[in-house]
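Structure below is work-v8.pdb: PDB, C-alpha atoms (C1' of nucleotides).
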```
ATOM      1  CA  MET W 209     106.412 103.826   5.359
ATOM      2  CA  GLU W 210     108.992 103.801   2.626
ATOM      3  CA  SER W 211     108.088 103.866  -1.037
ATOM      4  CA  LYS W 212     109.516 100.424  -1.746
ATOM      5  CA  VAL W 213     107.589  98.915   1.110
ATOM      6  CA  ALA W 214     104.439 100.549  -0.198
ATOM      7  CA  VAL W 215     105.061  99.077  -3.643
ATOM      8  CA  THR W 216     105.517  95.625  -2.146
ATOM      9  CA  THR W 217     102.338  95.966  -0.122
ATOM     10  CA  LEU W 218     100.340  97.298  -3.055
ATOM     11  CA  ALA W 219     101.692  94.564  -5.312
ATOM     12  CA  ALA W 220     100.610  91.962  -2.803
ATOM     13  CA  LEU W 221      97.055  93.263  -2.987
ATOM     14  CA  ALA W 222      97.075  93.887  -6.733
ATOM     15  CA  GLN W 223      96.100  90.354  -7.664
ATOM     16  CA  GLU W 224      92.626  88.797  -7.721
ATOM     17  CA  THR W 225      93.488  85.721  -5.721
ATOM     18  CA  ARG W 226      95.505  87.562  -3.096
ATOM     19  CA  LEU W 227      92.980  90.357  -2.728
ATOM     20  CA  SER W 228      90.288  87.704  -2.217
ATOM     21  CA  ILE W 229      92.418  85.938   0.371
ATOM     22  CA  PHE W 230      93.127  89.152   2.214
ATOM     23  CA  ARG W 231      89.539  90.274   2.218
ATOM     24  CA  LEU W 232      88.432  86.847   3.388
ATOM     25  CA  LEU W 233      90.891  87.087   6.271
ATOM     26  CA  VAL W 234      89.787  90.612   7.074
ATOM     27  CA  THR W 235      86.217  89.461   7.478
ATOM     28  CA  ALA W 236      87.298  86.296   9.279
ATOM     29  CA  GLY W 237      88.707  88.387  12.095
ATOM     30  CA  PRO W 238      91.891  88.206  14.178
ATOM     31  CA  GLU W 239      91.667  84.453  14.770
ATOM     32  CA  GLY W 240      92.123  83.885  11.035
ATOM     33  CA  LEU W 241      91.563  80.759   8.976
ATOM     34  CA  ALA W 242      93.503  77.556   8.325
ATOM     35  CA  VAL W 243      95.073  77.252   4.872
ATOM     36  CA  GLY W 244      92.736  74.421   3.879
ATOM     37  CA  ARG W 245      89.708  76.517   4.757
ATOM     38  CA  ILE W 246      90.928  79.369   2.615
ATOM     39  CA  GLY W 247      91.535  77.009  -0.283
ATOM     40  CA  GLU W 248      88.045  75.567   0.053
ATOM     41  CA  ALA W 249      86.428  78.971   0.262
ATOM     42  CA  LEU W 250      88.190  80.356  -2.788
ATOM     43  CA  GLY W 251      88.790  77.239  -4.874
ATOM     44  CA  VAL W 252      92.536  77.662  -5.159
ATOM     45  CA  ALA W 253      95.005  74.785  -5.600
ATOM     46  CA  PRO W 254      97.321  74.088  -2.638
ATOM     47  CA  ALA W 255     100.578  75.081  -4.335
ATOM     48  CA  THR W 256      99.051  78.234  -5.734
ATOM     49  CA  LEU W 257      97.526  79.125  -2.404
ATOM     50  CA  SER W 258     100.790  78.572  -0.592
ATOM     51  CA  PHE W 259     102.542  80.810  -3.089
ATOM     52  CA  HIS W 260     100.089  83.647  -2.602
ATOM     53  CA  LEU W 261     100.010  83.312   1.171
ATOM     54  CA  LYS W 262     103.764  83.630   1.213
ATOM     55  CA  GLU W 263     103.513  86.764  -0.889
ATOM     56  CA  LEU W 264     101.015  88.279   1.511
ATOM     57  CA  ALA W 265     103.122  87.266   4.497
ATOM     58  CA  HIS W 266     106.264  88.657   2.901
ATOM     59  CA  ALA W 267     104.464  91.944   2.421
ATOM     60  CA  GLY W 268     103.492  91.853   6.072
ATOM     61  CA  LEU W 269      99.796  91.895   5.307
ATOM     62  CA  VAL W 270      99.078  88.617   7.069
ATOM     63  CA  GLY W 271     100.425  86.781  10.069
ATOM     64  CA  THR W 272     100.507  83.079  10.926
ATOM     65  CA  ARG W 273      99.828  80.965  13.963
ATOM     66  CA  GLN W 274     100.237  77.236  14.224
ATOM     67  CA  GLU W 275      97.588  75.164  15.944
ATOM     68  CA  GLY W 276      98.149  71.433  15.783
ATOM     69  CA  ARG W 277      98.824  70.598  12.174
ATOM     70  CA  PHE W 278      96.829  73.556  10.986
ATOM     71  CA  ILE W 279      98.383  76.884  10.204
ATOM     72  CA  TYR W 280      96.111  79.850  10.670
ATOM     73  CA  TYR W 281      96.601  82.955   8.592
ATOM     74  CA  SER W 282      95.112  86.228   9.761
ATOM     75  CA  ALA W 283      94.975  89.769   8.461
ATOM     76  CA  ASN W 284      97.418  92.316   9.825
ATOM     77  CA  TYR W 285      95.189  95.328  10.283
ATOM     78  CA  ALA W 286      98.036  97.537  11.427
ATOM     79  CA  ALA W 287      99.938  96.971   8.171
ATOM     80  CA  MET W 288      96.793  97.846   6.257
ATOM     81  CA  ASN W 289      96.469 101.079   8.193
ATOM     82  CA  GLU W 290     100.058 102.030   7.480
ATOM     83  CA  LEU W 291      99.445 101.614   3.775
ATOM     84  CA  LEU W 292      96.335 103.772   3.929
ATOM     85  CA  SER W 293      98.245 106.475   5.752
ATOM     86  CA  PHE W 294     101.025 106.364   3.202
ATOM     87  CA  LEU W 295      98.599 106.736   0.316
ATOM     88  CA  THR W 296      96.889 109.717   1.849
ATOM     89  CA  GLU W 297      99.951 111.521   3.143
ATOM     90  CA  ASN W 298     101.110 114.562   1.182
ATOM     91  CA  CYS W 299      97.620 114.695  -0.239
ATOM     92  CA  CYS W 300      96.886 118.117  -1.699
ATOM     93  CA  ASN W 301     100.146 119.332  -0.283
ATOM     94  CA  GLY W 302      99.418 122.539   1.565
ATOM     95  CA  ALA W 303      96.539 124.421  -0.002
ATOM     96  CA  PRO W 304      93.735 124.419  -0.901
ATOM     97  CA  CYS W 305      92.540 121.157   0.688
ATOM     98  CA  SER W 306      93.085 120.758   4.408
ATOM     99  CA  ILE W 307      90.929 117.818   5.311
ATOM    100  CA  PRO W 308      92.554 115.419   7.787
ATOM    101  CA  ALA W 309      94.325 112.580   5.986
ATOM    102  CA  ALA W 310      92.344 110.006   7.923
ATOM    103  CA  ALA W 311      89.185 111.142   6.177
ATOM    104  CA  GLY W 312      90.644 110.137   2.825
ATOM    105  CA  CYS W 313      92.447 112.123   0.203
ATOM    106  CA  CYS W 314      90.820 115.557   0.079
ATOM    107  CA  ASP W 315      87.486 113.784   0.348
ATOM    108  CA  GLY W 316      87.199 114.233  -3.395
ATOM    109  CA  ALA W 317      87.058 117.970  -3.049
ATOM    110  CA  CYS W 318      90.095 118.706  -5.192
ATOM    111  CA  ASN W 319      88.722 117.994  -8.613
TER     112      ASN W 319
ATOM    113  CA  MET P 156      83.969  99.517  -6.222
ATOM    114  CA  GLU P 157      84.270  96.097  -7.749
ATOM    115  CA  SER P 158      87.082  93.712  -6.930
ATOM    116  CA  LYS P 159      88.501  93.746 -10.454
ATOM    117  CA  VAL P 160      88.559  97.521 -10.533
ATOM    118  CA  ALA P 161      90.351  97.511  -7.198
ATOM    119  CA  VAL P 162      92.956  95.100  -8.555
ATOM    120  CA  THR P 163      93.520  97.328 -11.576
ATOM    121  CA  THR P 164      93.884 100.386  -9.387
ATOM    122  CA  LEU P 165      96.206  98.660  -6.945
ATOM    123  CA  ALA P 166      98.293  97.264  -9.800
ATOM    124  CA  ALA P 167      98.640 100.736 -11.245
ATOM    125  CA  LEU P 168     100.115 101.940  -7.961
ATOM    126  CA  ALA P 169     102.169  98.810  -7.299
ATOM    127  CA  GLN P 170     105.139  99.928  -9.341
ATOM    128  CA  GLU P 171     107.968 102.259  -8.325
ATOM    129  CA  THR P 172     107.799 104.525 -11.356
ATOM    130  CA  ARG P 173     104.022 104.800 -11.355
ATOM    131  CA  LEU P 174     103.782 105.335  -7.622
ATOM    132  CA  SER P 175     106.355 108.116  -7.975
ATOM    133  CA  ILE P 176     104.410 109.680 -10.809
ATOM    134  CA  PHE P 177     101.170 109.520  -8.906
ATOM    135  CA  ARG P 178     102.628 110.960  -5.741
ATOM    136  CA  LEU P 179     104.292 113.707  -7.727
ATOM    137  CA  LEU P 180     100.931 114.576  -9.251
ATOM    138  CA  VAL P 181      99.225 114.436  -5.880
ATOM    139  CA  THR P 182     101.612 117.032  -4.525
ATOM    140  CA  ALA P 183     101.460 119.036  -7.754
ATOM    141  CA  GLY P 184      97.781 119.696  -7.163
ATOM    142  CA  PRO P 185      94.733 119.707  -9.457
ATOM    143  CA  GLU P 186      96.414 121.699 -12.230
ATOM    144  CA  GLY P 187      98.837 118.804 -12.757
ATOM    145  CA  LEU P 188     102.090 118.665 -14.718
ATOM    146  CA  ALA P 189     103.048 118.355 -18.386
ATOM    147  CA  VAL P 190     104.516 115.014 -19.439
ATOM    148  CA  GLY P 191     107.934 116.521 -20.065
ATOM    149  CA  ARG P 192     108.038 117.981 -16.587
ATOM    150  CA  ILE P 193     107.222 114.634 -15.051
ATOM    151  CA  GLY P 194     109.937 112.989 -17.097
ATOM    152  CA  GLU P 195     112.469 115.575 -16.003
ATOM    153  CA  ALA P 196     111.498 115.324 -12.362
ATOM    154  CA  LEU P 197     111.731 111.556 -12.261
ATOM    155  CA  GLY P 198     114.328 110.807 -14.921
ATOM    156  CA  VAL P 199     112.165 108.474 -16.958
ATOM    157  CA  ALA P 200     112.515 107.928 -20.731
ATOM    158  CA  PRO P 201     109.659 109.260 -22.888
ATOM    159  CA  ALA P 202     108.386 105.894 -24.104
ATOM    160  CA  THR P 203     108.507 104.432 -20.628
ATOM    161  CA  LEU P 204     106.783 107.457 -19.159
ATOM    162  CA  SER P 205     104.045 107.375 -21.758
ATOM    163  CA  PHE P 206     103.489 103.704 -21.026
ATOM    164  CA  HIS P 207     103.098 104.283 -17.311
ATOM    165  CA  LEU P 208     100.924 107.348 -17.707
ATOM    166  CA  LYS P 209      98.589 105.329 -19.858
ATOM    167  CA  GLU P 210      98.451 102.663 -17.188
ATOM    168  CA  LEU P 211      97.556 105.233 -14.557
ATOM    169  CA  ALA P 212      94.971 106.822 -16.828
ATOM    170  CA  HIS P 213      93.480 103.444 -17.685
ATOM    171  CA  ALA P 214      93.114 102.764 -13.982
ATOM    172  CA  GLY P 215      91.372 106.119 -13.613
ATOM    173  CA  LEU P 216      93.972 107.416 -11.178
ATOM    174  CA  VAL P 217      94.949 110.373 -13.338
ATOM    175  CA  GLY P 218      93.206 112.667 -15.787
ATOM    176  CA  THR P 219      94.522 114.672 -18.710
ATOM    177  CA  ARG P 220      94.061 118.140 -20.075
ATOM    178  CA  GLN P 221      95.569 119.544 -23.234
ATOM    179  CA  GLU P 222      97.074 122.988 -23.264
ATOM    180  CA  GLY P 223      98.802 123.979 -26.452
ATOM    181  CA  ARG P 224     101.127 121.182 -27.345
ATOM    182  CA  PHE P 225     101.507 120.187 -23.733
ATOM    183  CA  ILE P 226      99.400 117.530 -22.105
ATOM    184  CA  TYR P 227      98.885 117.974 -18.402
ATOM    185  CA  TYR P 228      98.332 114.962 -16.219
ATOM    186  CA  SER P 229      96.729 115.397 -12.807
ATOM    187  CA  ALA P 230      95.811 113.124  -9.915
ATOM    188  CA  ASN P 231      92.237 111.946  -9.580
ATOM    189  CA  TYR P 232      91.670 112.313  -5.866
ATOM    190  CA  ALA P 233      88.166 110.877  -6.022
ATOM    191  CA  ALA P 234      89.452 107.610  -7.501
ATOM    192  CA  MET P 235      92.005 107.438  -4.739
ATOM    193  CA  ASN P 236      89.292 107.880  -2.147
ATOM    194  CA  GLU P 237      87.210 105.102  -3.657
ATOM    195  CA  LEU P 238      90.126 102.734  -3.408
ATOM    196  CA  LEU P 239      90.694 103.633   0.228
ATOM    197  CA  SER P 240      87.040 103.044   0.997
ATOM    198  CA  PHE P 241      87.142  99.695  -0.733
ATOM    199  CA  LEU P 242      90.155  98.579   1.231
ATOM    200  CA  THR P 243      88.630  99.504   4.557
ATOM    201  CA  GLU P 244      85.101  98.250   3.910
ATOM    202  CA  ASN P 245      84.116  95.005   5.618
ATOM    203  CA  CYS P 246      86.944  95.672   8.013
ATOM    204  CA  CYS P 247      86.543  93.576  11.156
ATOM    205  CA  ASN P 248      83.137  92.537   9.963
ATOM    206  CA  GLY P 249      80.684  93.128  12.818
ATOM    207  CA  ALA P 250      82.351  92.644  16.158
ATOM    208  CA  PRO P 251      84.516  93.399  17.988
ATOM    209  CA  CYS P 252      85.861  96.480  16.191
ATOM    210  CA  SER P 253      83.393  99.232  15.389
ATOM    211  CA  ILE P 254      85.584 102.155  14.449
ATOM    212  CA  PRO P 255      84.353 104.156  11.428
ATOM    213  CA  ALA P 256      85.981 102.936   8.202
ATOM    214  CA  ALA P 257      87.229 106.432   7.408
ATOM    215  CA  ALA P 258      89.508 106.265  10.418
ATOM    216  CA  GLY P 259      91.336 103.337   8.848
ATOM    217  CA  CYS P 260      90.912  99.642   9.341
ATOM    218  CA  CYS P 261      90.157  99.055  13.016
ATOM    219  CA  ASP P 262      92.803 101.611  13.829
ATOM    220  CA  GLY P 263      95.143  98.700  14.491
ATOM    221  CA  ALA P 264      93.061  97.629  17.463
ATOM    222  CA  CYS P 265      92.306  94.117  16.179
ATOM    223  CA  ASN P 266      95.653  92.474  16.633
TER     224      ASN P 266
ATOM    225  C1'  DT V 200     104.185 125.642 -45.791
ATOM    226  C1'  DC V 201     108.101 124.301 -43.048
ATOM    227  C1'  DC V 202     110.247 123.673 -38.700
ATOM    228  C1'  DA V 203     110.834 122.699 -33.787
ATOM    229  C1'  DT V 204     109.152 120.400 -30.057
ATOM    230  C1'  DA V 205     105.741 117.442 -27.239
ATOM    231  C1'  DT V 206     103.912 113.126 -26.858
ATOM    232  C1'  DT V 207     102.643 108.652 -28.353
ATOM    233  C1'  DT V 208     102.961 104.240 -30.890
ATOM    234  C1'  DC V 209     105.491 100.309 -32.569
ATOM    235  C1'  DC V 210     108.498  96.775 -31.662
ATOM    236  C1'  DA V 211     111.822  93.606 -29.677
ATOM    237  C1'  DT V 212     113.859  92.234 -25.519
ATOM    238  C1'  DT V 213     114.212  91.229 -20.768
ATOM    239  C1'  DT V 214     112.278  90.486 -16.382
ATOM    240  C1'  DT V 215     108.754  89.290 -13.265
ATOM    241  C1'  DT V 216     104.602  86.899 -11.925
ATOM    242  C1'  DA V 217     101.148  83.145 -11.781
ATOM    243  C1'  DT V 218      99.932  78.337 -12.056
ATOM    244  C1'  DG V 219      99.627  73.588 -10.529
ATOM    245  C1'  DG V 220     101.492  68.593 -10.564
ATOM    246  C1'  DA V 221     104.400  65.840  -7.916
ATOM    247  C1'  DA V 222     107.317  65.145  -4.210
ATOM    248  C1'  DA V 223     108.927  66.539   0.356
ATOM    249  C1'  DT V 224     108.096  67.915   5.092
ATOM    250  C1'  DA V 225     105.518  68.366   9.457
ATOM    251  C1'  DT V 226     102.154  67.132  12.871
ATOM    252  C1'  DG V 227      99.103  64.383  15.653
ATOM    253  C1'  DG V 228      96.663  60.101  16.301
ATOM    254  C1'  DA V 229      96.345  54.971  16.360
TER     255       DA V 229
ATOM    256  C1'  DT S  25     106.317  53.036  14.626
ATOM    257  C1'  DC S  26     103.069  53.670  10.923
ATOM    258  C1'  DC S  27      99.426  56.214   8.835
ATOM    259  C1'  DA S  28      96.509  60.050   7.452
ATOM    260  C1'  DT S  29      96.325  64.661   6.577
ATOM    261  C1'  DA S  30      98.027  69.692   6.366
ATOM    262  C1'  DT S  31     101.093  72.552   4.224
ATOM    263  C1'  DT S  32     105.113  73.760   1.680
ATOM    264  C1'  DT S  33     108.844  73.287  -1.733
ATOM    265  C1'  DC S  34     110.542  72.083  -6.241
ATOM    266  C1'  DC S  35     110.048  72.475 -10.885
ATOM    267  C1'  DA S  36     108.585  73.546 -15.518
ATOM    268  C1'  DT S  37     105.564  76.211 -18.100
ATOM    269  C1'  DA S  38     102.720  79.977 -19.429
ATOM    270  C1'  DA S  39     101.384  84.680 -19.126
ATOM    271  C1'  DA S  40     101.983  89.473 -18.049
ATOM    272  C1'  DA S  41     104.665  93.610 -17.182
ATOM    273  C1'  DA S  42     108.612  96.880 -17.828
ATOM    274  C1'  DT S  43     112.039  99.058 -20.698
ATOM    275  C1'  DG S  44     113.714 102.161 -24.268
ATOM    276  C1'  DG S  45     115.230 103.037 -29.305
ATOM    277  C1'  DA S  46     113.305 104.541 -33.424
ATOM    278  C1'  DA S  47     109.620 106.146 -36.034
ATOM    279  C1'  DA S  48     105.081 108.309 -36.225
ATOM    280  C1'  DT S  49     101.801 111.829 -34.961
ATOM    281  C1'  DA S  50     100.188 116.356 -33.215
ATOM    282  C1'  DT S  51     100.502 121.164 -32.208
ATOM    283  C1'  DG S  52     101.837 125.934 -32.540
ATOM    284  C1'  DG S  53     104.976 129.350 -34.324
ATOM    285  C1'  DA S  54     107.773 131.498 -38.072
TER     286       DA S  54
END
```
Structure re-expressed in structure tokens:
Amino acid sequence: MESKVAVTTLAALAQETRLSIFRLLVTAGPEGLAVGRIGEALGVAPATLSFHLKELAHAGLVGTRQEGRFIYYSANYAAMNELLSFLTENCCNGAPCSIPAAAGCCDGACN
Amino acid sequence: MESKVAVTTLAALAQETRLSIFRLLVTAGPEGLAVGRIGEALGVAPATLSFHLKELAHAGLVGTRQEGRFIYYSANYAAMNELLSFLTENCCNGAPCSIPAAAGCCDGACN
DNA sequence: TCCATATTTCCATTTTTATGGAAATATGGA
DNA sequence: TCCATATTTCCATAAAAATGGAAATATGGA
């Protein structure tokens, strides 16, 4: 993952409404939720919701699927994983921490 | 970790300059780097650098230590780990993915 | 004390982001 | 076709974030 992509992804999550949307979709599972449902659940106005969903989609954090006149948004778990990997890579470069990146950054052992 | 704290932390990282600073400090190790060194390495003006360092510090992502007239900034690996945990928690709530959170969100197996 | 240097604060400016009303577009059902 | 509803786009406004010059503050050395 490139730095600019990481910034875009982080920026997409760095906002109350969008973080709520994403987390809602994460718990909703792969089938996702229709836009209206998300709006109901979070109390967000249609235009605002559409704006934020587009941001999340642009960042690749969510995907869409049309079903009748409903559009279902769902979390992109793979994109999330890429971000996590990016944040932990180069962690404690070399010594003295050599805990696998997947376990988190140095597991807090560095300081 | 609370949602608002997560947003603050994500926002701190969601900016080219700050992400560069943080990653530089991550690779620099626990001893950190003096402000001037960071500025040199990244080509950032003093006022701008100070602004971003304060943002990172406010978000708890970096710590400081004074040594003579130099101030050393260093990465807070524990804070980083908390953010990672927050982002992966509730991942694929219940079924059908039951991979440990530390391994990343569903390991991309959900979709 | 005086000086050199490290870092921060103050301030104005520019840029980006968030919000929601109203209108437009899309889809399926009657 | 016409209607009801789902979602997005357009637009203006408001709020927040980023930038860097210049001045202020802090620290150690001469």
task: Around the point (100.2, 87.4, 3.4), in the coordinates given by the file, pick out the residues reaching within 9 Å, counting all atoms listed in the file, and return them as a ChimeraX atom specification.
output: /W:220,226,229-230,260-272,281-284
Counting all atoms listed in the file, which residues of chain W sit at most 8 Å from some atom of chain V, and what is each one's closest atom pair with its distance in Å to one decimal, listed by chain and rising residue number, as a Markdown table?
```
| residue | atom | partner | partner_atom | distance |
| --- | --- | --- | --- | --- |
| W:Ala253 | CA | V:DG219 | C1' | 6.9 |
| W:Ala255 | CA | V:DG219 | C1' | 6.4 |
| W:Thr256 | CA | V:DT218 | C1' | 6.4 |
| W:Gly276 | CA | V:DT226 | C1' | 6.6 |
| W:Arg277 | CA | V:DT226 | C1' | 4.9 |
```
- prompt: So which residues fall inside 10 Å of (91.7, 92.8, -8.3) if we count only C-alpha atoms (C1' of nucleotides)? Mind giving them as a VMD selection string?
  reply: (chain W and resid 221 to 228) or (chain P and resid 157 to 166)
task: Using the chain letters and numbers from the file, give me the residues hit by the PyMOL selection byres ((chain S) within 8 of (chain W)), as a PyMOL selection string.
output: chain S and resi 30-32
field: Interatomic distance, atom CA of Met209 of chain W to atom CA of Ser293 of chain W (Å, one decimal)
entry: 8.6 Å
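Note that the spacing between atom CA of Ala196 of chain P and atom C1' of DT43 of chain S amounts to 18.3 Å.
Relative to atom CA of Ala183 of chain P, atom CA of Phe294 of chain W is found at 16.8 Å.
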Six-sided padding of 6 Å per side, axis-aligned box over segment 216-228 of chain V, centre and edges in Å, one decimal, as lines of an AutoDock Vina configuration file:
```
center_x = 102.8
center_y = 73.5
center_z = 2.1
size_x = 24.3
size_y = 38.8
size_z = 40.4
```
